[in-house]
file protein-v7.cif (mmCIF, C-alpha atoms)
data_upload
#
loop_
_atom_site.group_PDB
_atom_site.id
_atom_site.type_symbol
_atom_site.label_atom_id
_atom_site.label_comp_id
_atom_site.auth_asym_id
_atom_site.auth_seq_id
_atom_site.Cartn_x
_atom_site.Cartn_y
_atom_site.Cartn_z
ATOM 1 C CA MET O 1 27.685 -59.232 -42.301
ATOM 2 C CA SER O 2 24.176 -60.705 -42.474
ATOM 3 C CA LEU O 3 23.329 -63.651 -44.744
ATOM 4 C CA LYS O 4 21.108 -61.362 -46.797
ATOM 5 C CA ASP O 5 23.974 -58.944 -47.473
ATOM 6 C CA SER O 6 26.382 -61.809 -48.208
ATOM 7 C CA VAL O 7 23.980 -63.241 -50.798
ATOM 8 C CA LEU O 8 23.516 -59.818 -52.381
ATOM 9 C CA LEU O 9 27.252 -59.221 -52.617
ATOM 10 C CA LYS O 10 27.735 -62.631 -54.280
ATOM 11 C CA LEU O 11 25.033 -61.815 -56.836
ATOM 12 C CA MET O 12 26.480 -58.338 -57.421
ATOM 13 C CA GLU O 13 29.866 -59.870 -58.208
ATOM 14 C CA ASN O 14 28.179 -61.634 -61.124
ATOM 15 C CA PRO O 15 25.458 -59.239 -62.356
ATOM 16 C CA GLY O 16 23.236 -60.684 -65.075
ATOM 17 C CA GLU O 17 24.492 -64.216 -64.442
ATOM 18 C CA PHE O 18 22.656 -67.053 -62.730
ATOM 19 C CA ILE O 19 24.083 -68.600 -59.570
ATOM 20 C CA SER O 20 22.524 -71.798 -58.303
ATOM 21 C CA GLY O 21 20.944 -72.026 -54.889
ATOM 22 C CA GLU O 22 23.246 -74.963 -54.180
ATOM 23 C CA GLU O 23 26.339 -72.848 -54.855
ATOM 24 C CA LEU O 24 25.036 -70.028 -52.681
ATOM 25 C CA SER O 25 24.181 -72.348 -49.792
ATOM 26 C CA SER O 26 27.577 -74.039 -50.041
ATOM 27 C CA THR O 27 29.466 -70.753 -50.207
ATOM 28 C CA MET O 28 27.547 -69.296 -47.251
ATOM 29 C CA ASP O 29 27.504 -72.617 -45.344
ATOM 30 C CA VAL O 30 23.739 -72.408 -44.820
ATOM 31 C CA SER O 31 20.695 -74.349 -45.987
ATOM 32 C CA ARG O 32 18.941 -73.810 -49.322
ATOM 33 C CA THR O 33 15.919 -72.674 -47.318
ATOM 34 C CA ALA O 34 17.984 -69.958 -45.645
ATOM 35 C CA VAL O 35 19.172 -68.754 -49.068
ATOM 36 C CA TRP O 36 15.584 -68.696 -50.334
ATOM 37 C CA LYS O 37 14.501 -66.587 -47.342
ATOM 38 C CA ALA O 38 17.390 -64.174 -47.936
ATOM 39 C CA ILE O 39 16.411 -63.840 -51.608
ATOM 40 C CA ASN O 40 12.801 -63.071 -50.663
ATOM 41 C CA SER O 41 13.965 -60.454 -48.170
ATOM 42 C CA LEU O 42 16.154 -58.804 -50.814
ATOM 43 C CA ARG O 43 13.243 -58.727 -53.252
ATOM 44 C CA LYS O 44 11.099 -56.951 -50.652
ATOM 45 C CA GLU O 45 13.836 -54.311 -50.390
ATOM 46 C CA GLY O 46 13.485 -53.647 -54.102
ATOM 47 C CA HIS O 47 16.235 -55.784 -55.641
ATOM 48 C CA ALA O 48 15.319 -57.223 -59.036
ATOM 49 C CA ILE O 49 16.328 -60.850 -58.526
ATOM 50 C CA GLU O 50 15.154 -63.376 -61.103
ATOM 51 C CA ALA O 51 14.716 -67.042 -60.142
ATOM 52 C CA VAL O 52 14.698 -69.815 -62.762
ATOM 53 C CA THR O 53 14.343 -73.524 -62.005
ATOM 54 C CA ASN O 54 17.583 -75.471 -62.566
ATOM 55 C CA LYS O 55 19.505 -72.225 -63.149
ATOM 56 C CA GLY O 56 19.314 -70.367 -59.840
ATOM 57 C CA TYR O 57 19.188 -66.664 -59.100
ATOM 58 C CA CYS O 58 20.209 -63.664 -61.178
ATOM 59 C CA LEU O 59 20.460 -60.014 -60.123
ATOM 60 C CA ARG O 60 19.213 -57.490 -62.665
ATOM 61 C CA LEU O 61 20.954 -54.297 -61.601
ATOM 62 C CA ASP O 62 18.986 -51.052 -61.700
ATOM 63 C CA PRO O 63 21.412 -48.138 -61.334
ATOM 64 C CA HIS O 64 18.594 -45.887 -60.164
ATOM 65 C CA THR O 65 17.626 -47.913 -57.096
ATOM 66 C CA ILE O 66 19.651 -47.494 -53.910
ATOM 67 C CA THR O 67 19.321 -50.373 -51.469
ATOM 68 C CA GLU O 68 21.322 -51.112 -48.343
ATOM 69 C CA GLY O 69 23.200 -53.986 -49.948
ATOM 70 C CA ALA O 70 23.979 -52.042 -53.109
ATOM 71 C CA LEU O 71 25.157 -49.025 -51.109
ATOM 72 C CA ARG O 72 27.235 -51.082 -48.692
ATOM 73 C CA SER O 73 28.938 -52.900 -51.565
ATOM 74 C CA GLU O 74 30.162 -49.536 -52.917
ATOM 75 C CA LEU O 75 31.559 -48.233 -49.614
ATOM 76 C CA SER O 76 35.288 -48.369 -48.960
ATOM 77 C CA SER O 77 36.442 -51.080 -46.557
ATOM 78 C CA ARG O 78 36.782 -48.513 -43.777
ATOM 79 C CA TYR O 79 33.037 -47.861 -43.804
ATOM 80 C CA LYS O 80 31.576 -51.236 -44.821
ATOM 81 C CA ASP O 81 29.981 -51.759 -41.421
ATOM 82 C CA ILE O 82 28.474 -48.338 -40.729
ATOM 83 C CA GLU O 83 24.848 -48.224 -39.636
ATOM 84 C CA ILE O 84 22.553 -47.627 -42.631
ATOM 85 C CA HIS O 85 18.815 -46.892 -42.678
ATOM 86 C CA ILE O 86 16.997 -46.576 -46.024
ATOM 87 C CA PHE O 87 13.339 -45.593 -46.327
ATOM 88 C CA ASP O 88 10.959 -45.137 -49.215
ATOM 89 C CA THR O 89 9.579 -41.848 -47.841
ATOM 90 C CA LEU O 90 10.437 -39.692 -44.829
ATOM 91 C CA ASP O 91 9.416 -36.291 -43.608
ATOM 92 C CA SER O 92 13.124 -35.389 -43.443
ATOM 93 C CA THR O 93 16.263 -37.524 -43.279
ATOM 94 C CA ASN O 94 17.798 -34.950 -40.909
ATOM 95 C CA THR O 95 14.889 -35.334 -38.493
ATOM 96 C CA THR O 96 15.215 -39.119 -38.477
ATOM 97 C CA ALA O 97 18.991 -38.868 -38.068
ATOM 98 C CA LYS O 98 18.499 -36.605 -35.031
ATOM 99 C CA GLN O 99 16.183 -39.187 -33.487
ATOM 100 C CA LEU O 100 18.788 -41.888 -34.077
ATOM 101 C CA ALA O 101 21.458 -39.658 -32.550
ATOM 102 C CA LEU O 102 19.369 -39.255 -29.391
ATOM 103 C CA ALA O 103 18.880 -43.033 -29.326
ATOM 104 C CA GLY O 104 22.651 -43.551 -29.351
ATOM 105 C CA SER O 105 23.433 -44.425 -32.977
ATOM 106 C CA PRO O 106 27.166 -44.205 -33.685
ATOM 107 C CA HIS O 107 29.340 -41.889 -35.718
ATOM 108 C CA GLY O 108 28.909 -42.433 -39.456
ATOM 109 C CA THR O 109 25.283 -43.600 -39.291
ATOM 110 C CA VAL O 110 23.525 -42.898 -42.602
ATOM 111 C CA VAL O 111 19.834 -42.221 -43.191
ATOM 112 C CA MET O 112 18.483 -42.196 -46.743
ATOM 113 C CA ALA O 113 15.066 -41.743 -48.339
ATOM 114 C CA ARG O 114 13.810 -42.005 -51.903
ATOM 115 C CA SER O 115 11.596 -38.960 -51.285
ATOM 116 C CA GLN O 116 10.899 -36.425 -48.540
ATOM 117 C CA THR O 117 7.614 -34.776 -47.645
ATOM 118 C CA GLY O 118 9.183 -32.090 -45.456
ATOM 119 C CA GLY O 119 12.706 -31.589 -46.797
ATOM 120 C CA ARG O 120 14.393 -28.494 -45.358
ATOM 121 C CA GLY O 121 17.056 -26.119 -46.580
ATOM 122 C CA ARG O 122 18.933 -23.333 -44.823
ATOM 123 C CA LEU O 123 17.101 -20.522 -43.018
ATOM 124 C CA GLY O 124 13.964 -22.615 -42.639
ATOM 125 C CA ARG O 125 13.210 -22.865 -46.347
ATOM 126 C CA SER O 126 11.593 -25.959 -47.823
ATOM 127 C CA PHE O 127 13.627 -28.261 -50.071
ATOM 128 C CA HIS O 128 11.707 -29.831 -52.946
ATOM 129 C CA SER O 129 12.305 -33.584 -52.616
ATOM 130 C CA PRO O 130 10.412 -35.618 -55.238
ATOM 131 C CA LYS O 131 10.769 -39.379 -55.596
ATOM 132 C CA ASP O 132 14.063 -40.858 -56.789
ATOM 133 C CA GLY O 133 16.337 -37.991 -55.828
ATOM 134 C CA ILE O 134 19.260 -38.732 -53.497
ATOM 135 C CA TYR O 135 18.418 -37.596 -49.977
ATOM 136 C CA LEU O 136 20.823 -38.613 -47.239
ATOM 137 C CA SER O 137 21.934 -37.537 -43.787
ATOM 138 C CA ILE O 138 25.154 -38.501 -42.027
ATOM 139 C CA LEU O 139 25.420 -38.544 -38.237
ATOM 140 C CA ILE O 140 28.680 -37.124 -36.924
ATOM 141 C CA ARG O 141 30.005 -37.619 -33.404
ATOM 142 C CA PRO O 142 32.612 -34.811 -33.336
ATOM 143 C CA ASN O 143 36.120 -35.535 -32.118
ATOM 144 C CA PHE O 144 37.016 -31.880 -32.726
ATOM 145 C CA GLY O 145 36.349 -28.614 -30.914
ATOM 146 C CA SER O 146 33.424 -26.320 -31.643
ATOM 147 C CA ALA O 147 35.777 -23.957 -33.492
ATOM 148 C CA TYR O 148 35.777 -26.435 -36.379
ATOM 149 C CA ALA O 149 32.011 -26.943 -36.548
ATOM 150 C CA GLY O 150 31.604 -24.333 -39.284
ATOM 151 C CA LEU O 151 33.874 -26.361 -41.549
ATOM 152 C CA VAL O 152 31.540 -29.362 -41.618
ATOM 153 C CA THR O 153 29.349 -27.942 -44.401
ATOM 154 C CA THR O 154 32.471 -26.827 -46.278
ATOM 155 C CA ALA O 155 33.882 -30.355 -46.132
ATOM 156 C CA ALA O 156 30.609 -31.900 -47.288
ATOM 157 C CA ALA O 157 30.382 -29.479 -50.226
ATOM 158 C CA VAL O 158 33.823 -30.514 -51.457
ATOM 159 C CA ALA O 159 32.910 -34.189 -51.005
ATOM 160 C CA VAL O 160 29.764 -33.775 -53.127
ATOM 161 C CA CYS O 161 31.620 -31.908 -55.878
ATOM 162 C CA ASP O 162 34.395 -34.496 -55.994
ATOM 163 C CA ALA O 163 31.896 -37.361 -56.114
ATOM 164 C CA VAL O 164 29.775 -35.771 -58.858
ATOM 165 C CA GLU O 165 32.878 -35.266 -60.981
ATOM 166 C CA THR O 166 34.349 -38.724 -60.255
ATOM 167 C CA VAL O 167 31.192 -40.824 -60.586
ATOM 168 C CA CYS O 168 29.097 -38.779 -63.027
ATOM 169 C CA GLY O 169 31.780 -37.047 -65.060
ATOM 170 C CA LEU O 170 30.150 -33.631 -64.554
ATOM 171 C CA LYS O 171 31.987 -30.460 -63.595
ATOM 172 C CA ALA O 172 30.549 -29.096 -60.350
ATOM 173 C CA GLY O 173 31.051 -25.830 -58.475
ATOM 174 C CA ILE O 174 30.144 -24.408 -55.067
ATOM 175 C CA LYS O 175 28.099 -21.293 -54.370
ATOM 176 C CA TRP O 176 29.018 -20.241 -50.844
ATOM 177 C CA VAL O 177 28.166 -21.668 -48.520
ATOM 178 C CA ASN O 178 26.220 -24.838 -49.229
ATOM 179 C CA ASP O 179 24.867 -25.034 -52.793
ATOM 180 C CA ILE O 180 26.324 -27.236 -55.540
ATOM 181 C CA TYR O 181 25.885 -26.156 -59.155
ATOM 182 C CA VAL O 182 26.273 -27.972 -62.464
ATOM 183 C CA ALA O 183 25.977 -26.114 -65.790
ATOM 184 C CA GLY O 184 24.807 -22.946 -64.053
ATOM 185 C CA LYS O 185 21.969 -24.520 -62.070
ATOM 186 C CA LYS O 186 21.636 -25.724 -58.486
ATOM 187 C CA VAL O 187 21.662 -29.511 -58.224
ATOM 188 C CA CYS O 188 22.341 -30.012 -54.519
ATOM 189 C CA GLY O 189 21.791 -28.330 -51.171
ATOM 190 C CA ILE O 190 23.486 -29.126 -47.863
ATOM 191 C CA LEU O 191 22.087 -28.501 -44.379
ATOM 192 C CA SER O 192 24.268 -29.132 -41.320
ATOM 193 C CA GLU O 193 22.698 -29.063 -37.868
ATOM 194 C CA GLY O 194 24.241 -29.504 -34.421
ATOM 195 C CA MET O 195 22.904 -30.939 -31.174
ATOM 196 C CA THR O 196 24.521 -29.419 -28.089
ATOM 197 C CA ASP O 197 24.715 -30.458 -24.444
ATOM 198 C CA PHE O 198 23.326 -27.363 -22.723
ATOM 199 C CA GLU O 199 25.232 -28.046 -19.491
ATOM 200 C CA THR O 200 28.675 -28.353 -21.058
ATOM 201 C CA GLY O 201 28.114 -26.395 -24.259
ATOM 202 C CA ARG O 202 29.779 -29.272 -26.118
ATOM 203 C CA ILE O 203 28.476 -30.339 -29.517
ATOM 204 C CA GLU O 204 27.393 -33.930 -28.960
ATOM 205 C CA SER O 205 26.404 -34.670 -32.540
ATOM 206 C CA MET O 206 26.027 -33.069 -35.932
ATOM 207 C CA ILE O 207 23.786 -34.038 -38.818
ATOM 208 C CA ILE O 208 24.891 -33.361 -42.395
ATOM 209 C CA GLY O 209 21.889 -33.402 -44.722
ATOM 210 C CA ILE O 210 22.529 -33.659 -48.460
ATOM 211 C CA GLY O 211 19.831 -33.461 -51.121
ATOM 212 C CA ILE O 212 20.658 -34.063 -54.796
ATOM 213 C CA ASN O 213 18.331 -33.616 -57.758
ATOM 214 C CA THR O 214 18.651 -36.504 -60.205
ATOM 215 C CA SER O 215 15.880 -35.130 -62.432
ATOM 216 C CA VAL O 216 13.789 -31.962 -62.680
ATOM 217 C CA GLU O 217 10.781 -33.763 -64.135
ATOM 218 C CA GLY O 218 7.660 -32.529 -62.378
ATOM 219 C CA PHE O 219 9.416 -29.604 -60.672
ATOM 220 C CA PRO O 220 7.277 -26.460 -60.192
ATOM 221 C CA ASP O 221 7.776 -23.883 -62.950
ATOM 222 C CA GLU O 222 9.172 -21.339 -60.497
ATOM 223 C CA LEU O 223 12.026 -23.714 -59.611
ATOM 224 C CA LEU O 224 13.005 -24.663 -63.145
ATOM 225 C CA GLU O 225 14.804 -21.343 -63.680
ATOM 226 C CA ILE O 226 17.348 -22.187 -61.000
ATOM 227 C CA ALA O 227 17.114 -25.952 -60.422
ATOM 228 C CA GLY O 228 19.183 -28.466 -62.352
ATOM 229 C CA ALA O 229 19.902 -32.163 -61.936
ATOM 230 C CA VAL O 230 22.766 -34.640 -61.907
ATOM 231 C CA GLU O 231 21.682 -36.552 -64.986
ATOM 232 C CA GLY O 232 23.369 -39.254 -67.037
ATOM 233 C CA GLU O 233 24.250 -42.940 -66.920
ATOM 234 C CA TYR O 234 25.741 -43.597 -63.504
ATOM 235 C CA SER O 235 24.995 -45.701 -60.440
ATOM 236 C CA ARG O 236 23.219 -43.708 -57.758
ATOM 237 C CA SER O 237 24.552 -46.172 -55.190
ATOM 238 C CA SER O 238 28.091 -45.359 -56.356
ATOM 239 C CA LEU O 239 27.440 -41.617 -56.128
ATOM 240 C CA ALA O 240 25.905 -41.825 -52.655
ATOM 241 C CA ALA O 241 28.690 -44.109 -51.397
ATOM 242 C CA ASP O 242 31.415 -41.833 -52.741
ATOM 243 C CA ILE O 243 29.815 -38.820 -51.049
ATOM 244 C CA ILE O 244 29.532 -40.679 -47.734
ATOM 245 C CA CYS O 245 33.121 -41.959 -47.782
ATOM 246 C CA LYS O 246 34.666 -38.639 -48.797
ATOM 247 C CA THR O 247 32.614 -36.685 -46.265
ATOM 248 C CA LEU O 248 33.616 -38.999 -43.430
ATOM 249 C CA ASP O 249 37.259 -38.896 -44.541
ATOM 250 C CA PHE O 250 37.251 -35.087 -44.535
ATOM 251 C CA ILE O 251 35.490 -34.911 -41.152
ATOM 252 C CA ASP O 252 37.965 -37.363 -39.622
ATOM 253 C CA ASP O 253 40.807 -35.015 -40.575
ATOM 254 C CA ILE O 254 38.910 -31.731 -40.318
ATOM 255 C CA GLU O 255 41.546 -29.958 -38.218
ATOM 256 C CA SER O 256 44.008 -30.119 -41.131
ATOM 257 C CA ARG O 257 41.604 -28.074 -43.297
ATOM 258 C CA HIS O 258 43.200 -29.732 -46.334
ATOM 259 C CA PHE O 259 39.931 -29.479 -48.308
ATOM 260 C CA ILE O 260 39.832 -25.670 -48.108
ATOM 261 C CA GLU O 261 42.030 -25.215 -51.174
ATOM 262 C CA THR O 262 39.724 -27.448 -53.192
ATOM 263 C CA TYR O 263 36.740 -25.479 -51.883
ATOM 264 C CA LYS O 264 38.365 -22.295 -53.188
ATOM 265 C CA GLU O 265 39.140 -23.888 -56.554
ATOM 266 C CA LYS O 266 35.518 -24.941 -56.954
ATOM 267 C CA SER O 267 34.098 -21.640 -55.692
ATOM 268 C CA LEU O 268 31.688 -19.897 -58.054
ATOM 269 C CA VAL O 269 31.777 -16.610 -56.143
ATOM 270 C CA ILE O 270 35.425 -15.621 -55.655
ATOM 271 C CA GLY O 271 36.144 -12.607 -57.834
ATOM 272 C CA LYS O 272 32.453 -12.003 -58.555
ATOM 273 C CA ASP O 273 30.131 -9.109 -57.740
ATOM 274 C CA ILE O 274 27.523 -10.258 -55.238
ATOM 275 C CA THR O 275 24.757 -8.941 -53.011
ATOM 276 C CA VAL O 276 25.060 -9.585 -49.271
ATOM 277 C CA TYR O 277 21.818 -9.885 -47.287
ATOM 278 C CA LYS O 278 21.997 -8.948 -43.617
ATOM 279 C CA GLY O 279 19.198 -10.938 -42.090
ATOM 280 C CA ILE O 280 17.032 -13.929 -42.793
ATOM 281 C CA TYR O 281 14.534 -14.003 -45.604
ATOM 282 C CA LYS O 282 12.496 -16.961 -46.778
ATOM 283 C CA ASN O 283 11.032 -15.807 -50.049
ATOM 284 C CA ASP O 284 11.611 -12.201 -51.066
ATOM 285 C CA PRO O 285 15.181 -10.856 -50.691
ATOM 286 C CA GLY O 286 13.642 -7.386 -50.406
ATOM 287 C CA GLU O 287 12.492 -8.321 -46.910
ATOM 288 C CA VAL O 288 15.946 -7.602 -45.424
ATOM 289 C CA PRO O 289 18.719 -4.989 -45.923
ATOM 290 C CA SER O 290 21.303 -5.767 -48.584
ATOM 291 C CA ARG O 291 24.681 -4.399 -49.720
ATOM 292 C CA PRO O 292 26.543 -4.863 -53.003
ATOM 293 C CA ALA O 293 30.035 -6.278 -52.589
ATOM 294 C CA ARG O 294 32.798 -8.207 -54.296
ATOM 295 C CA ALA O 295 33.785 -11.677 -53.124
ATOM 296 C CA LEU O 296 37.546 -11.721 -52.571
ATOM 297 C CA ASP O 297 38.443 -15.036 -50.931
ATOM 298 C CA ILE O 298 37.485 -17.936 -48.689
ATOM 299 C CA ASP O 299 39.381 -17.974 -45.386
ATOM 300 C CA ASP O 300 40.688 -21.036 -43.528
ATOM 301 C CA ASP O 301 37.462 -21.324 -41.527
ATOM 302 C CA GLY O 302 35.264 -21.317 -44.629
ATOM 303 C CA GLY O 303 34.266 -17.683 -44.194
ATOM 304 C CA LEU O 304 33.651 -15.521 -47.281
ATOM 305 C CA VAL O 305 35.869 -12.426 -47.432
ATOM 306 C CA VAL O 306 34.038 -9.557 -49.143
ATOM 307 C CA MET O 307 34.761 -5.932 -49.959
ATOM 308 C CA TYR O 308 31.891 -3.443 -50.058
ATOM 309 C CA THR O 309 31.631 -0.545 -52.469
ATOM 310 C CA ASP O 310 32.938 1.871 -49.795
ATOM 311 C CA GLY O 311 36.174 -0.129 -49.579
ATOM 312 C CA SER O 312 35.449 -1.752 -46.220
ATOM 313 C CA ARG O 313 35.955 -5.490 -45.801
ATOM 314 C CA GLU O 314 34.171 -8.178 -43.844
ATOM 315 C CA THR O 315 34.419 -11.935 -43.412
ATOM 316 C CA LEU O 316 31.000 -13.579 -43.561
ATOM 317 C CA ILE O 317 30.716 -16.659 -41.376
ATOM 318 C CA SER O 318 27.102 -17.331 -42.257
ATOM 319 C CA GLY O 319 24.337 -15.562 -44.065
ATOM 320 C CA GLU O 320 22.947 -15.148 -47.549
ATOM 321 C CA ILE O 321 24.377 -13.864 -50.790
ATOM 322 C CA SER O 322 23.124 -13.720 -54.339
ATOM 323 C CA ILE O 323 25.144 -13.895 -57.511
ATOM 324 C CA ARG O 324 24.284 -14.119 -61.189
ATOM 325 C CA LEU O 325 25.839 -17.396 -62.392
#

call {"tool": "encode", "arguments": {"input": "protein-v7.cif", "output": "structure tokens"}}
result
Amino acid sequence: MSLKDSVLLKLMENPGEFISGEELSSTMDVSRTAVWKAINSLRKEGHAIEAVTNKGYCLRLDPHTITEGALRSELSSRYKDIEIHIFDTLDSTNTTAKQLALAGSPHGTVVMARSQTGGRGRLGRSFHSPKDGIYLSILIRPNFGSAYAGLVTTAAAVAVCDAVETVCGLKAGIKWVNDIYVAGKKVCGILSEGMTDFETGRIESMIIGIGINTSVEGFPDELLEIAGAVEGEYSRSSLAADIICKTLDFIDDIESRHFIETYKEKSLVIGKDITVYKGIYKNDPGEVPSRPARALDIDDDGGLVVMYTDGSRETLISGEISIRL
């Protein structure tokens, strides 16, 4: 762990309290000058650290700011040392994560941004990503066969729901296949993308992109009918860390499919009348053929089992559905 992170962790253990530079230098076994440089570096990252002569340094925690040190301090011991990259603004965290994957970054690498200028959703749609939402991508180096790749989004959806309920105290549900809802409105979208070796056909890496609305202030009027936010008094670092840890835990044991039952329990579509769209549309659902159906179940591969009005059944592996929530 770097000196900067060690200093931050020491300050975070005593939030709102002053710790002298002498104590920090003694604890870290470094010079006072080295501590001062670490403090300045942390301030540049956005940490609100107050310095008072003869008293030392004090961290004023802002639960809305996610920094590397704050995020790392919330991760479980298993993931304390994962590679983390945090930016103020990116075109897309998934795009940056893909670049890191090609450069050789390891399994579990996390990319985060405080805003995105080109956030993407499924089927090529844009994902509105204003400042101070939670936008993160996790790089996966699969140790499982391609048959399990479709379960990655399913696992991430359960991880997000669990984290929202645990950290924020809000009841969350899943609209198949990748949307998270709170109080009847979409608060999170998930986009999983794979990178394949064309010679072997093996999936070399996968990127799980997760975007969470923490406010709908400034959202376009046309989005306010469907968009909600994970609001309340909670630490965004805690929420992001819980999502990362639970996602990686599920992925590590993906072949057991033990999260499928939870996915079913949190499903907002099972037992509901839906409309199935056969094709890809970006704006107007009327662009592609559709069929009314009833959602019956989620199978062990995350597929949606539906029954059409003529009595025939089908398991949807991917695609688009609509439902009135």

call {"tool": "atom_distance", "arguments": {"input": "protein-v7.cif", "atom1": "atom CA of Leu191 of chain O", "atom2": "atom CA of Gly271 of chain O"}}
result
25.1 Å

call {"tool": "atom_distance", "arguments": {"input": "protein-v7.cif", "atom1": "atom CA of Asp197 of chain O", "atom2": "atom CA of Gly209 of chain O"}}
result
20.7 Å

call {"tool": "atom_distance", "arguments": {"input": "protein-v7.cif", "atom1": "atom CA of Asp221 of chain O", "atom2": "atom CA of Cys188 of chain O"}}
result
17.9 Å

call {"tool": "closest_residue", "arguments": {"input": "protein-v7.cif", "among": "O:Leu224, O:Ala295, O:Gly150, O:Ser205", "to": "Ser318 of chain O", "atoms": "all atoms listed in the file"}}
result
O:Gly150

call {"tool": "residues_around", "arguments": {"input": "protein-v7.cif", "residues": "Ala51 of chain O", "least_positions_apart": "4", "cutoff": "12 Å", "atoms": "only C-alpha atoms", "output": "count of residues only"}}
result
16

call {"tool": "closest_residue", "arguments": {"input": "protein-v7.cif", "among": "O:Ser25, O:Ser77, O:Leu71, O:Ala172", "to": "Glu265 of chain O", "atoms": "only C-alpha atoms"}}
result
O:Ala172

call {"tool": "resolve_selection", "arguments": {"input": "protein-v7.cif", "expression": "the PyMOL selection byres ((chain O and resi 260) around 8)", "output": "PyMOL selection string"}}
result
chain O and resi 154-155+257-259+261-264+300+302
